[in-house]
Each structure stands twice: as C-alpha cells, then as structure tokens.
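File shown: structure.txt. Contents: compact mmCIF, C-alpha atoms.
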```
# COMPACT_ATOMS: atom_id res chain seq x y z
CA MET A 1 -6.45 133.47 -154.57
CA ALA A 2 -5.31 131.28 -151.73
CA ALA A 3 -2.99 128.40 -152.31
CA PRO A 4 -4.57 124.94 -152.31
CA SER A 5 -4.63 123.22 -148.92
CA MET A 6 -3.20 119.75 -148.40
CA LYS A 7 -6.63 118.16 -149.03
CA GLU A 8 -7.09 120.11 -152.26
CA ARG A 9 -3.59 119.20 -153.40
CA GLN A 10 -4.24 115.54 -152.79
CA ALA A 11 -7.60 115.70 -154.63
CA CYS A 12 -5.83 117.31 -157.59
CA TRP A 13 -3.04 114.74 -157.62
CA GLY A 14 -5.59 111.93 -157.43
CA ALA A 15 -7.51 113.30 -160.42
CA ARG A 16 -4.28 113.77 -162.33
CA ASP A 17 -3.18 110.20 -161.61
CA GLU A 18 -6.55 108.83 -162.80
CA TYR A 19 -6.33 110.85 -166.00
CA TRP A 20 -2.79 109.74 -166.66
CA LYS A 21 -3.66 106.12 -166.02
CA CYS A 22 -6.41 106.43 -168.62
CA LEU A 23 -3.96 107.92 -171.11
CA ASP A 24 -1.53 105.08 -170.44
CA GLU A 25 -4.26 102.56 -171.17
CA ASN A 26 -5.37 104.30 -174.35
CA THR A 27 -1.94 105.10 -175.77
CA GLU A 28 -2.24 108.84 -175.25
CA ASP A 29 -5.63 109.02 -176.98
CA ALA A 30 -7.17 111.94 -175.12
CA SER A 31 -10.61 111.47 -176.73
CA GLN A 32 -11.13 108.30 -174.66
CA CYS A 33 -10.52 110.10 -171.39
CA LYS A 34 -12.70 113.19 -171.68
CA LYS A 35 -14.55 112.60 -168.43
CA LEU A 36 -11.39 112.19 -166.42
CA ARG A 37 -9.93 115.21 -168.12
CA SER A 38 -12.81 117.41 -167.01
CA SER A 39 -12.60 116.00 -163.48
CA PHE A 40 -8.88 116.79 -163.51
CA GLU A 41 -9.52 120.31 -164.74
CA SER A 42 -12.04 121.01 -162.02
CA SER A 43 -9.81 119.71 -159.21
CA CYS A 44 -6.70 121.69 -160.06
CA PRO A 45 -5.75 125.33 -160.57
CA GLN A 46 -5.18 126.22 -164.19
CA GLN A 47 -1.47 126.83 -163.73
CA TRP A 48 -1.10 123.36 -162.30
CA ILE A 49 -2.92 121.79 -165.24
CA LYS A 50 -0.54 123.50 -167.67
CA TYR A 51 2.38 122.42 -165.51
CA PHE A 52 1.24 118.79 -165.30
CA ASP A 53 0.55 118.65 -169.05
CA LYS A 54 4.08 119.82 -169.75
CA ARG A 55 5.36 117.33 -167.21
CA ARG A 56 3.49 114.52 -168.96
CA ASP A 57 5.00 115.49 -172.31
CA TYR A 58 8.43 115.52 -170.76
CA LEU A 59 7.99 112.13 -169.09
CA LYS A 60 6.80 110.57 -172.34
CA PHE A 61 9.69 112.09 -174.25
CA LYS A 62 12.11 110.79 -171.63
CA GLU A 63 10.69 107.27 -171.99
CA LYS A 64 11.15 107.34 -175.76
CA PHE A 65 14.61 108.79 -175.48
CA GLU A 66 15.73 106.16 -172.99
CA ALA A 67 14.28 103.45 -175.20
CA GLY A 68 16.59 104.67 -177.93
CA GLN A 69 13.96 105.86 -180.33
CA PHE A 70 15.92 108.93 -181.26
CA GLN A 71 18.92 108.35 -183.45
CA PRO A 72 21.40 111.07 -184.40
CA SER A 73 20.77 112.28 -187.93
CA LYS A 74 23.29 111.60 -190.70
CA THR A 75 24.50 115.20 -190.78
CA THR A 76 25.51 115.19 -187.11
CA ALA A 77 27.54 112.02 -187.56
CA LYS A 78 30.08 114.00 -189.54
CA SER A 79 30.26 117.08 -187.30
CA MET B 1 80.52 115.95 -140.96
CA LEU B 2 79.01 112.49 -140.99
CA LEU B 3 81.59 111.40 -143.53
CA LEU B 4 84.28 112.11 -140.99
CA ILE B 5 82.56 109.75 -138.58
CA TRP B 6 82.31 107.01 -141.18
CA ALA B 7 85.70 107.36 -142.81
CA PRO B 8 88.35 106.73 -140.16
CA LYS B 9 91.22 107.40 -142.58
CA ALA B 10 89.97 110.90 -143.29
CA TRP B 11 89.51 111.35 -139.57
CA HIS B 12 93.03 110.40 -139.03
CA ARG B 13 94.29 112.93 -141.57
CA LEU B 14 92.60 115.62 -139.60
CA SER B 15 93.96 114.50 -136.27
CA PRO B 16 97.20 116.54 -136.43
CA LEU B 17 95.17 119.68 -136.91
CA LYS B 18 94.91 121.75 -133.84
CA PRO B 19 91.36 121.94 -132.38
CA PRO B 20 91.11 125.76 -132.60
CA ALA B 21 91.44 125.60 -136.40
CA LEU B 22 88.37 123.45 -136.58
CA LEU B 23 86.31 125.96 -134.62
CA TRP B 24 86.30 128.40 -137.53
CA THR B 25 84.25 126.14 -139.75
CA PRO B 26 80.46 125.87 -139.41
CA GLY B 27 79.61 123.12 -136.98
CA GLY B 28 83.24 123.16 -136.05
CA GLU B 29 82.43 123.30 -132.38
CA ALA B 30 80.48 120.09 -132.63
CA ARG B 31 83.29 118.53 -134.54
CA HIS B 32 85.69 119.73 -131.95
CA VAL B 33 83.68 118.09 -129.20
CA ARG B 34 83.45 114.88 -131.15
CA TYR B 35 87.12 114.97 -131.90
CA ARG B 36 87.87 115.30 -128.22
CA LEU B 37 85.37 112.63 -127.20
CA LEU B 38 86.22 110.09 -129.80
CA SER B 39 89.87 110.42 -130.28
CA ARG B 40 91.52 107.55 -128.62
CA GLN B 41 94.79 109.03 -129.48
CA GLY B 42 97.02 109.41 -126.55
CA PRO B 43 100.72 109.39 -126.21
CA GLY B 44 100.74 105.78 -127.41
CA GLU B 45 99.39 106.62 -130.80
CA ARG B 46 102.58 106.90 -132.71
CA GLY B 47 103.39 103.32 -131.96
CA ARG B 48 100.36 101.96 -133.76
CA GLN B 49 100.62 103.36 -137.26
CA THR B 50 99.75 100.09 -139.00
CA GLN B 51 96.10 99.86 -137.99
CA PRO B 52 93.87 102.92 -138.35
CA GLN B 53 91.89 103.50 -135.26
CA GLY B 54 89.01 105.85 -135.13
CA PRO B 55 85.81 105.76 -133.20
CA GLY B 56 84.25 102.26 -133.02
CA PHE B 57 81.48 101.15 -135.33
CA ARG B 58 78.81 101.25 -132.67
CA THR B 59 79.83 104.72 -131.60
CA ARG B 60 79.70 105.93 -135.17
CA LEU B 61 76.28 104.38 -135.58
CA LEU B 62 75.07 106.00 -132.39
CA ILE B 63 76.27 109.43 -133.43
CA THR B 64 74.71 109.17 -136.86
CA GLY B 65 71.51 107.99 -135.25
CA LEU B 66 71.45 110.86 -132.79
CA PHE B 67 72.17 113.35 -135.52
CA GLY B 68 69.41 111.93 -137.69
CA ALA B 69 67.00 111.89 -134.77
CA GLY B 70 67.84 115.49 -134.04
CA LEU B 71 67.13 116.55 -137.60
CA GLY B 72 63.96 114.47 -137.72
CA GLY B 73 62.72 115.93 -134.46
CA ALA B 74 63.34 119.47 -135.63
CA TRP B 75 61.48 118.78 -138.88
CA LEU B 76 58.49 117.25 -137.09
CA ALA B 77 58.32 120.16 -134.67
CA ALA B 78 58.36 122.66 -137.53
CA ARG B 79 55.63 120.74 -139.35
CA ALA B 80 53.45 120.56 -136.24
CA GLU B 81 53.83 124.30 -135.71
CA LYS B 82 52.82 125.01 -139.32
CA GLU B 83 49.79 122.74 -138.99
CA ARG B 84 48.76 124.40 -135.74
CA ARG B 85 48.95 127.85 -137.29
CA ARG B 86 46.97 126.72 -140.33
CA GLN B 87 44.24 125.30 -138.08
CA GLN B 88 44.10 128.52 -136.13
CA GLN B 89 43.62 130.56 -139.31
CA ARG B 90 40.92 128.20 -140.51
CA THR B 91 39.04 128.37 -137.22
CA GLU B 92 39.19 132.15 -137.30
CA ALA B 93 37.84 132.24 -140.86
CA LEU B 94 35.01 129.86 -139.92
CA ARG B 95 34.14 131.96 -136.90
CA GLN B 96 33.80 135.05 -139.07
CA ALA B 97 31.70 133.18 -141.63
CA ALA B 98 29.48 131.72 -138.92
CA VAL B 99 28.53 135.16 -137.71
CA GLY B 100 28.55 137.17 -140.91
CA GLN B 101 27.55 134.88 -143.73
CA GLY B 102 24.08 133.71 -144.65
CA ASP B 103 22.40 136.13 -142.31
CA PHE B 104 18.80 137.04 -143.02
CA SER B 105 16.05 139.24 -141.67
CA LEU B 106 12.63 137.66 -142.20
CA LEU B 107 9.22 137.23 -140.56
CA ASP B 108 8.11 133.84 -139.33
CA HIS B 109 4.58 132.54 -139.88
CA ARG B 110 3.50 134.06 -136.53
CA GLY B 111 4.67 137.50 -137.58
CA GLN B 112 7.84 137.55 -135.46
CA ALA B 113 11.08 138.93 -136.87
CA ARG B 114 13.81 136.29 -137.21
CA CYS B 115 17.45 136.37 -138.14
CA LYS B 116 20.13 133.71 -138.41
CA ALA B 117 21.44 134.27 -134.87
CA ASP B 118 18.07 133.08 -133.51
CA PHE B 119 18.97 129.57 -134.65
CA ARG B 120 22.43 129.43 -133.14
CA GLY B 121 22.90 126.26 -131.13
CA GLN B 122 20.43 124.32 -133.32
CA TRP B 123 20.80 122.15 -136.37
CA VAL B 124 18.61 123.55 -139.14
CA LEU B 125 17.22 121.88 -142.27
CA MET B 126 16.13 124.59 -144.66
CA TYR B 127 14.06 124.43 -147.85
CA PHE B 128 13.18 127.22 -150.32
CA GLY B 129 9.84 127.00 -152.13
CA PHE B 130 6.42 128.61 -152.44
CA THR B 131 2.92 127.72 -151.29
CA HIS B 132 1.40 127.60 -154.80
CA CYS B 133 3.86 124.89 -155.79
CA PRO B 134 2.18 122.01 -157.74
CA ASP B 135 4.14 119.02 -156.49
CA ILE B 136 7.86 119.47 -155.86
CA CYS B 137 7.65 121.60 -152.69
CA PRO B 138 5.09 119.41 -150.91
CA ASP B 139 7.15 116.32 -151.78
CA GLU B 140 10.41 117.85 -150.60
CA LEU B 141 8.83 119.19 -147.42
CA GLU B 142 7.34 115.77 -146.69
CA LYS B 143 10.79 114.31 -147.11
CA LEU B 144 12.32 116.95 -144.85
CA VAL B 145 9.69 116.31 -142.19
CA GLN B 146 10.34 112.57 -142.42
CA VAL B 147 14.02 113.22 -141.73
CA VAL B 148 13.17 115.41 -138.73
CA GLN B 149 10.77 112.78 -137.36
CA GLU B 150 13.28 109.98 -137.76
CA LEU B 151 15.94 111.98 -135.91
CA GLU B 152 13.43 113.07 -133.24
CA ALA B 153 12.73 109.43 -132.47
CA GLU B 154 16.36 108.79 -131.61
CA PRO B 155 17.21 109.56 -127.98
CA GLY B 156 20.44 111.44 -127.48
CA LEU B 157 20.28 113.39 -130.74
CA PRO B 158 19.70 117.14 -130.65
CA PRO B 159 16.40 118.29 -132.24
CA VAL B 160 16.55 119.55 -135.81
CA GLN B 161 14.69 122.75 -136.70
CA PRO B 162 12.87 122.51 -140.05
CA VAL B 163 12.56 125.81 -141.92
CA PHE B 164 10.63 126.72 -145.06
CA ILE B 165 11.56 129.98 -146.80
CA THR B 166 9.39 131.35 -149.56
CA VAL B 167 10.65 132.49 -152.96
CA ASP B 168 7.24 134.05 -153.70
CA PRO B 169 6.99 136.96 -151.25
CA GLU B 170 4.27 138.60 -153.34
CA ARG B 171 1.68 135.94 -152.50
CA ASP B 172 3.16 134.15 -149.50
CA THR B 173 2.16 136.47 -146.69
CA VAL B 174 2.51 135.56 -143.01
CA ALA B 175 -1.07 134.20 -143.01
CA ALA B 176 -0.49 132.15 -146.17
CA MET B 177 2.67 130.66 -144.66
CA ALA B 178 0.84 129.80 -141.44
CA ARG B 179 -1.85 127.95 -143.39
CA TYR B 180 0.77 126.08 -145.40
CA VAL B 181 3.18 124.90 -142.71
CA GLN B 182 0.51 123.51 -140.41
CA ASP B 183 -0.07 120.66 -142.90
CA PHE B 184 3.45 119.30 -142.46
CA HIS B 185 4.93 119.40 -138.96
CA PRO B 186 4.13 121.36 -135.78
CA ARG B 187 7.70 122.67 -135.58
CA LEU B 188 8.05 123.59 -139.27
CA LEU B 189 8.82 127.30 -139.32
CA GLY B 190 7.74 129.35 -142.32
CA LEU B 191 9.75 132.47 -143.17
CA THR B 192 8.72 135.28 -145.46
CA GLY B 193 9.43 138.97 -145.92
CA SER B 194 9.63 141.78 -148.43
CA ALA B 195 10.91 141.20 -151.95
CA GLU B 196 14.33 142.63 -150.97
CA GLN B 197 14.62 140.45 -147.88
CA VAL B 198 13.78 137.31 -149.86
CA ALA B 199 16.21 138.34 -152.59
CA GLN B 200 18.92 138.82 -149.97
CA VAL B 201 18.47 135.43 -148.29
CA SER B 202 18.28 133.70 -151.69
CA ARG B 203 21.54 135.29 -152.70
CA SER B 204 23.17 134.17 -149.45
CA TYR B 205 22.20 130.58 -150.08
CA ARG B 206 22.70 130.67 -153.86
CA VAL B 207 19.05 129.88 -154.55
CA TYR B 208 17.79 130.58 -158.06
CA TYR B 209 14.15 131.60 -158.47
CA SER B 210 12.11 133.14 -161.25
CA ALA B 211 8.38 133.80 -161.31
CA GLY B 212 6.68 132.59 -164.47
CA PRO B 213 4.11 134.47 -166.58
CA LYS B 214 0.73 135.15 -164.97
CA ASP B 215 -2.40 133.61 -166.48
CA GLU B 216 -5.98 134.98 -166.50
CA ASP B 217 -6.39 134.09 -162.81
CA GLN B 218 -3.24 136.04 -162.02
CA ASP B 219 -1.83 132.68 -161.02
CA TYR B 220 1.77 131.69 -161.79
CA VAL B 221 4.39 129.16 -160.79
CA VAL B 222 7.87 130.06 -159.62
CA ASP B 223 10.75 128.16 -161.15
CA HIS B 224 13.40 127.59 -158.48
CA SER B 225 16.40 125.48 -157.56
CA VAL B 226 15.48 122.54 -155.35
CA ALA B 227 17.66 121.63 -152.40
CA ILE B 228 17.46 121.02 -148.67
CA TYR B 229 20.22 122.87 -146.81
CA LEU B 230 21.78 121.74 -143.53
CA LEU B 231 23.12 124.41 -141.17
CA SER B 232 25.26 123.53 -138.15
CA PRO B 233 24.62 124.94 -134.65
CA ASP B 234 27.29 127.56 -135.43
CA GLY B 235 25.13 128.77 -138.29
CA LEU B 236 27.54 127.50 -140.93
CA PHE B 237 26.31 125.92 -144.14
CA THR B 238 27.29 122.27 -143.76
CA ASP B 239 25.65 120.22 -146.53
CA TYR B 240 22.85 120.18 -149.08
CA TYR B 241 20.58 117.45 -150.46
CA GLY B 242 18.99 117.37 -153.92
CA ARG B 243 15.83 115.67 -155.10
CA ALA B 244 17.58 112.36 -155.67
CA ARG B 245 18.41 111.81 -151.99
CA SER B 246 15.93 109.80 -149.96
CA ALA B 247 14.83 110.71 -146.44
CA GLN B 248 16.90 107.79 -145.13
CA GLN B 249 20.05 108.99 -146.86
CA ILE B 250 19.57 112.53 -145.59
CA ALA B 251 18.97 111.34 -142.02
CA ASP B 252 22.15 109.24 -142.16
CA SER B 253 24.13 112.19 -143.44
CA VAL B 254 22.78 114.52 -140.73
CA ARG B 255 23.65 111.94 -138.09
CA ARG B 256 27.22 111.77 -139.39
CA HIS B 257 27.56 115.56 -139.32
CA MET B 258 26.21 115.67 -135.78
CA ALA B 259 28.74 113.10 -134.63
CA ALA B 260 31.63 114.97 -136.25
CA PHE B 261 30.63 118.46 -135.14
CA ARG B 262 33.05 120.66 -133.18
CA SER B 263 31.92 124.20 -132.47
CA VAL B 264 34.17 127.12 -133.44
CA LEU B 265 32.16 129.67 -131.52
CA HIS B 266 33.09 128.88 -127.93
```

Exercise: express the given structure as structure tokens:
Amino acid sequence: MAAPSMKERQACWGARDEYWKCLDENTEDASQCKKLRSSFESSCPQQWIKYFDKRRDYLKFKEKFEAGQFQPSKTTAKS
Amino acid sequence: MLLLIWAPKAWHRLSPLKPPALLWTPGGEARHVRYRLLSRQGPGERGRQTQPQGPGFRTRLLITGLFGAGLGGAWLAARAEKERRRQQQRTEALRQAAVGQGDFSLLDHRGQARCKADFRGQWVLMYFGFTHCPDICPDELEKLVQVVQELEAEPGLPPVQPVFITVDPERDTVAAMARYVQDFHPRLLGLTGSAEQVAQVSRSYRVYYSAGPKDEDQDYVVDHSVAIYLLSPDGLFTDYYGRARSAQQIADSVRRHMAAFRSVLH
C-alpha cells in the first residue's frame, strides 16, 4: 500500500480539521458530527485515524490540565 | 633576593662577604652581578658609616620590575604553549571524528549508493522520518525546506543540502522515497537501505525509532525521535533543532555556524 501523496495528505488533514471543528462546536458530542466523521474516515488511512483520535484525546487532556482542572488527591499531599 | 634589593641595611651586612661565597647559593650568580653593579662602595666607603647607602630607589624599582616582567613573560609563554598543544590535540580529534564518525552506506532515491564522504564540502540538514507519517514528518520537512529556501535566496551563502533518511526501510523503497521527496524540494535527497544499514545510521545519529503494531491493512506508524541535524562541510555533527524551533530560528542558527566555520580537514 503506497504512502499517501501530498494531495491525499492535505485532503485528509482538511477532513480532520472539519471534523475537529465540529467537535469543538458541539462540546465533543460525536453524534452531531457523524457526516464529517465518515468523510474523515474515507479520506485517511486507518492508522492515521487512530493516530489523530489519540492526538485529539491528548490535546483535550492537555487543555484541561493547563486549565488546572486536575488537583492532586489528598493522599499524595502527604507523600 | 628581592628583599636584599629593598632592604639596604641587610644589603650592607652582606657587603663584607666575598663575592665567590655568594656564587654557591642558587641565583647567587645573579646576586653577584647585582652586587657588583649596584655597590657604590669604593675606597671611600668607610668614611660614610652614618648613612646607609645601597642602590637608589629608582634602581631598586627597575630591578624588581624587570624581575617581575621576566617571571610574567615566562608564565605567559608557558601558558601559550599549553594552549597551542591543547588546540592541536582537539583539531586532531575532530579530524578523526570527521572522517570516521557518523558514516553511512545508503541508497538515494535514484538508486545510487551514498556515504557520508559524498557530502564533504557541503552543509547538510538531515531529517529522519518515514513516508507513511501522518503529520510530523511532512511538517518538519516543510520547515527544513523553508530554511533551505531562505538560505538559497541569500547571495554569498553556500548551498545547504537537505537530506531525508527513512526509519521504515521495510516500506520505504527507492521508488517510494522518490515519490515522497518530489513533493518538497527539487534538491531534497531521500536515503534508504536495508534494515541493518538504517539501524547503523540511526545509531550513529542517536535516532530512536520503533515500528508500531500492524493493523488489518498491514499499515503501521513508526514512533521516532524528531530532530533536524546540521552537519558541517567537514562532516561533523554541528547542531540539532527540535520541533519547537521555527524555520527562521533554524536559518539564523545555520547562518551563525557558517560564519564561524573553520575547516579541520585541510
């Protein structure tokens, strides 16, 4: 299976960006973005979809972490 | 010795001593010469016992100064010699590293065999990645190409050779590399080889890579360290740039290295 060409890469990134924009607007509610999800899945190799999903999770986690939403638990305060 | 110059009374106590006695002590010869030069004692000396007379203040100052200058000069010369020898050793070590270290034996995207010596005399910006890379490799290669283009536009700067080395030799054949590099820059050189050759070059440049699990399509991504490496025209590793550096910052850094470069191989 040949690697995606530059055009294919850019099509995939475009679809991913659309899908992510939809998720941003719907507070991560994937049910509202089904059409964009299927467009995303058809533009990108499967490995890339898994990779970008993990990346999305990571970016969201990083946002929450930097906003201070994670506090150390009481048990760690003593250790 | 200096105390004798600065303490006329002590000098005077020594004056009855015969010169040959002084010669037996270390530096005695010098003292002897000074004694002869400075002693204003002649036959008339015995008549002037009341006022001690030794060498004048200015003379004493001059002698101390000369002595100090002599010592200082000797110290500076020794330091310069040590520095020169250290530089020589360093140059020799660099020369050996330039030839022996970081060598590789790979195929370029036209099927020609290449090794590190082929790039001697050129600045090289090198990136390790793979053609099935989702986003990082294309971004980093775009950045690398931007740096090369910015430096190309400046007259008087030597051209920089961009190089892309695969960490996925299983899939990145010569043909795959040719298809990939054409999207970035006409001079971007793709390098691939057997699994052993890629392992060897990755070891030389301390590049980590690890192929992930294959899915139903037999597709996989390769986890790898991300950096752009700068090699000098001597073939020595000079600098590296991570993801956080912009194309502008990298270009500035390369310009600085070019200005400071002195070859060790001539």

For chain A, list the residues within 9 Å of chain B, counting all atoms listed in the file, and write the list as a PDB file with C-alpha atoms, in the frame of the given file.
```pdb
ATOM      1  CA  MET A   1      -6.450 133.470-154.570  1.00  0.00           C
ATOM      2  CA  ALA A   2      -5.310 131.280-151.730  1.00  0.00           C
ATOM      3  CA  ALA A   3      -2.990 128.400-152.310  1.00  0.00           C
ATOM      4  CA  PRO A   4      -4.570 124.940-152.310  1.00  0.00           C
ATOM      5  CA  SER A   5      -4.630 123.220-148.920  1.00  0.00           C
ATOM      6  CA  MET A   6      -3.200 119.750-148.400  1.00  0.00           C
ATOM      7  CA  ARG A   9      -3.590 119.200-153.400  1.00  0.00           C
ATOM      8  CA  TRP A  13      -3.040 114.740-157.620  1.00  0.00           C
ATOM      9  CA  PRO A  45      -5.750 125.330-160.570  1.00  0.00           C
ATOM     10  CA  GLN A  46      -5.180 126.220-164.190  1.00  0.00           C
ATOM     11  CA  GLN A  47      -1.470 126.830-163.730  1.00  0.00           C
ATOM     12  CA  TRP A  48      -1.100 123.360-162.300  1.00  0.00           C
ATOM     13  CA  TYR A  51       2.380 122.420-165.510  1.00  0.00           C
ATOM     14  CA  PHE A  52       1.240 118.790-165.300  1.00  0.00           C
TER      15      PHE A  52
END
```

Among B:Leu231, B:Ala69, B:Leu191, B:Leu141, B:Arg243 is approached most closely, using all atoms listed in the file, by B:Leu141

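Reported to one decimal place, the separation of atom CA of B:Asp118 from atom CA of B:Asp103 is 10.3 Å.
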
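Excluding B:Gln122 itself and same-chain residues fewer than 4 positions from it, the residues having an atom within 7 Å of it are Val160, Gln161, Ser232 and Pro233 of chain B, counting all atoms listed in the file.
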
Could you state the separation of atom CA of B:Pro162 and atom CA of B:Tyr127 in Å, given to one decimal place?
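Interatomic distance, atom CA of B:Pro162 to atom CA of B:Tyr127: 8.1 Å.
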
In Å, rounded to a single decimal, give me how far atom CA of B:Gln146 is from atom CA of B:Ala244.
15.1 Å

Mind giving me the axis-aligned box for stretch 27-43 of chain A with 5 Å on every side, centre plus edges in Å to one decimal, as JSON?
```
{"center_x": -8.2, "center_y": 113.1, "center_z": -168.1, "size_x": 22.6, "size_y": 25.9, "size_z": 27.8}
```

Kindly indicate which residue among B:Ala260, B:Val124, B:Ile136, B:Ala78 lies nearest to A:Arg55, using only C-alpha atoms for the distances.
B:Ile136

Contacts of A:Cys33 within 7 Å, only C-alpha atoms, excl. fewer than 2 positions in-chain, as a VMD selection string:
chain A and resid 19 22 to 23 30 to 31 35 to 37

With distances taken over all atoms listed in the file, which of A:Asp29, A:Arg56, A:Ser73, A:Gly14 is nearest to A:Cys44?
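The closest residue to A:Cys44 is A:Gly14.
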
Skipping near chain neighbours, those fewer than 6 positions away, what residues fall within 12 Å of B:Ser202 using all atoms listed in the file, listed as a PDB file with C-alpha atoms, in the frame of the given file?
```pdb
ATOM      1  CA  GLY B 102      24.080 133.710-144.650  1.00  0.00           C
ATOM      2  CA  ASP B 103      22.400 136.130-142.310  1.00  0.00           C
ATOM      3  CA  PHE B 104      18.800 137.040-143.020  1.00  0.00           C
ATOM      4  CA  SER B 105      16.050 139.240-141.670  1.00  0.00           C
ATOM      5  CA  LEU B 106      12.630 137.660-142.200  1.00  0.00           C
ATOM      6  CA  MET B 126      16.130 124.590-144.660  1.00  0.00           C
ATOM      7  CA  TYR B 127      14.060 124.430-147.850  1.00  0.00           C
ATOM      8  CA  PHE B 128      13.180 127.220-150.320  1.00  0.00           C
ATOM      9  CA  GLY B 129       9.840 127.000-152.130  1.00  0.00           C
ATOM     10  CA  ILE B 165      11.560 129.980-146.800  1.00  0.00           C
ATOM     11  CA  THR B 166       9.390 131.350-149.560  1.00  0.00           C
ATOM     12  CA  VAL B 167      10.650 132.490-152.960  1.00  0.00           C
ATOM     13  CA  ASP B 168       7.240 134.050-153.700  1.00  0.00           C
ATOM     14  CA  PRO B 169       6.990 136.960-151.250  1.00  0.00           C
ATOM     15  CA  THR B 192       8.720 135.280-145.460  1.00  0.00           C
ATOM     16  CA  GLY B 193       9.430 138.970-145.920  1.00  0.00           C
ATOM     17  CA  ALA B 195      10.910 141.200-151.950  1.00  0.00           C
ATOM     18  CA  GLU B 196      14.330 142.630-150.970  1.00  0.00           C
ATOM     19  CA  TYR B 208      17.790 130.580-158.060  1.00  0.00           C
ATOM     20  CA  TYR B 209      14.150 131.600-158.470  1.00  0.00           C
ATOM     21  CA  SER B 210      12.110 133.140-161.250  1.00  0.00           C
ATOM     22  CA  HIS B 224      13.400 127.590-158.480  1.00  0.00           C
ATOM     23  CA  SER B 225      16.400 125.480-157.560  1.00  0.00           C
TER      24      SER B 225
END
```

May I have the residues within 8 Å of B:Gly242 as a VMD selection string, using all atoms listed in the file and disregarding those fewer than 2 positions away in the same chain?
chain B and resid 226 to 228 240 244 to 245
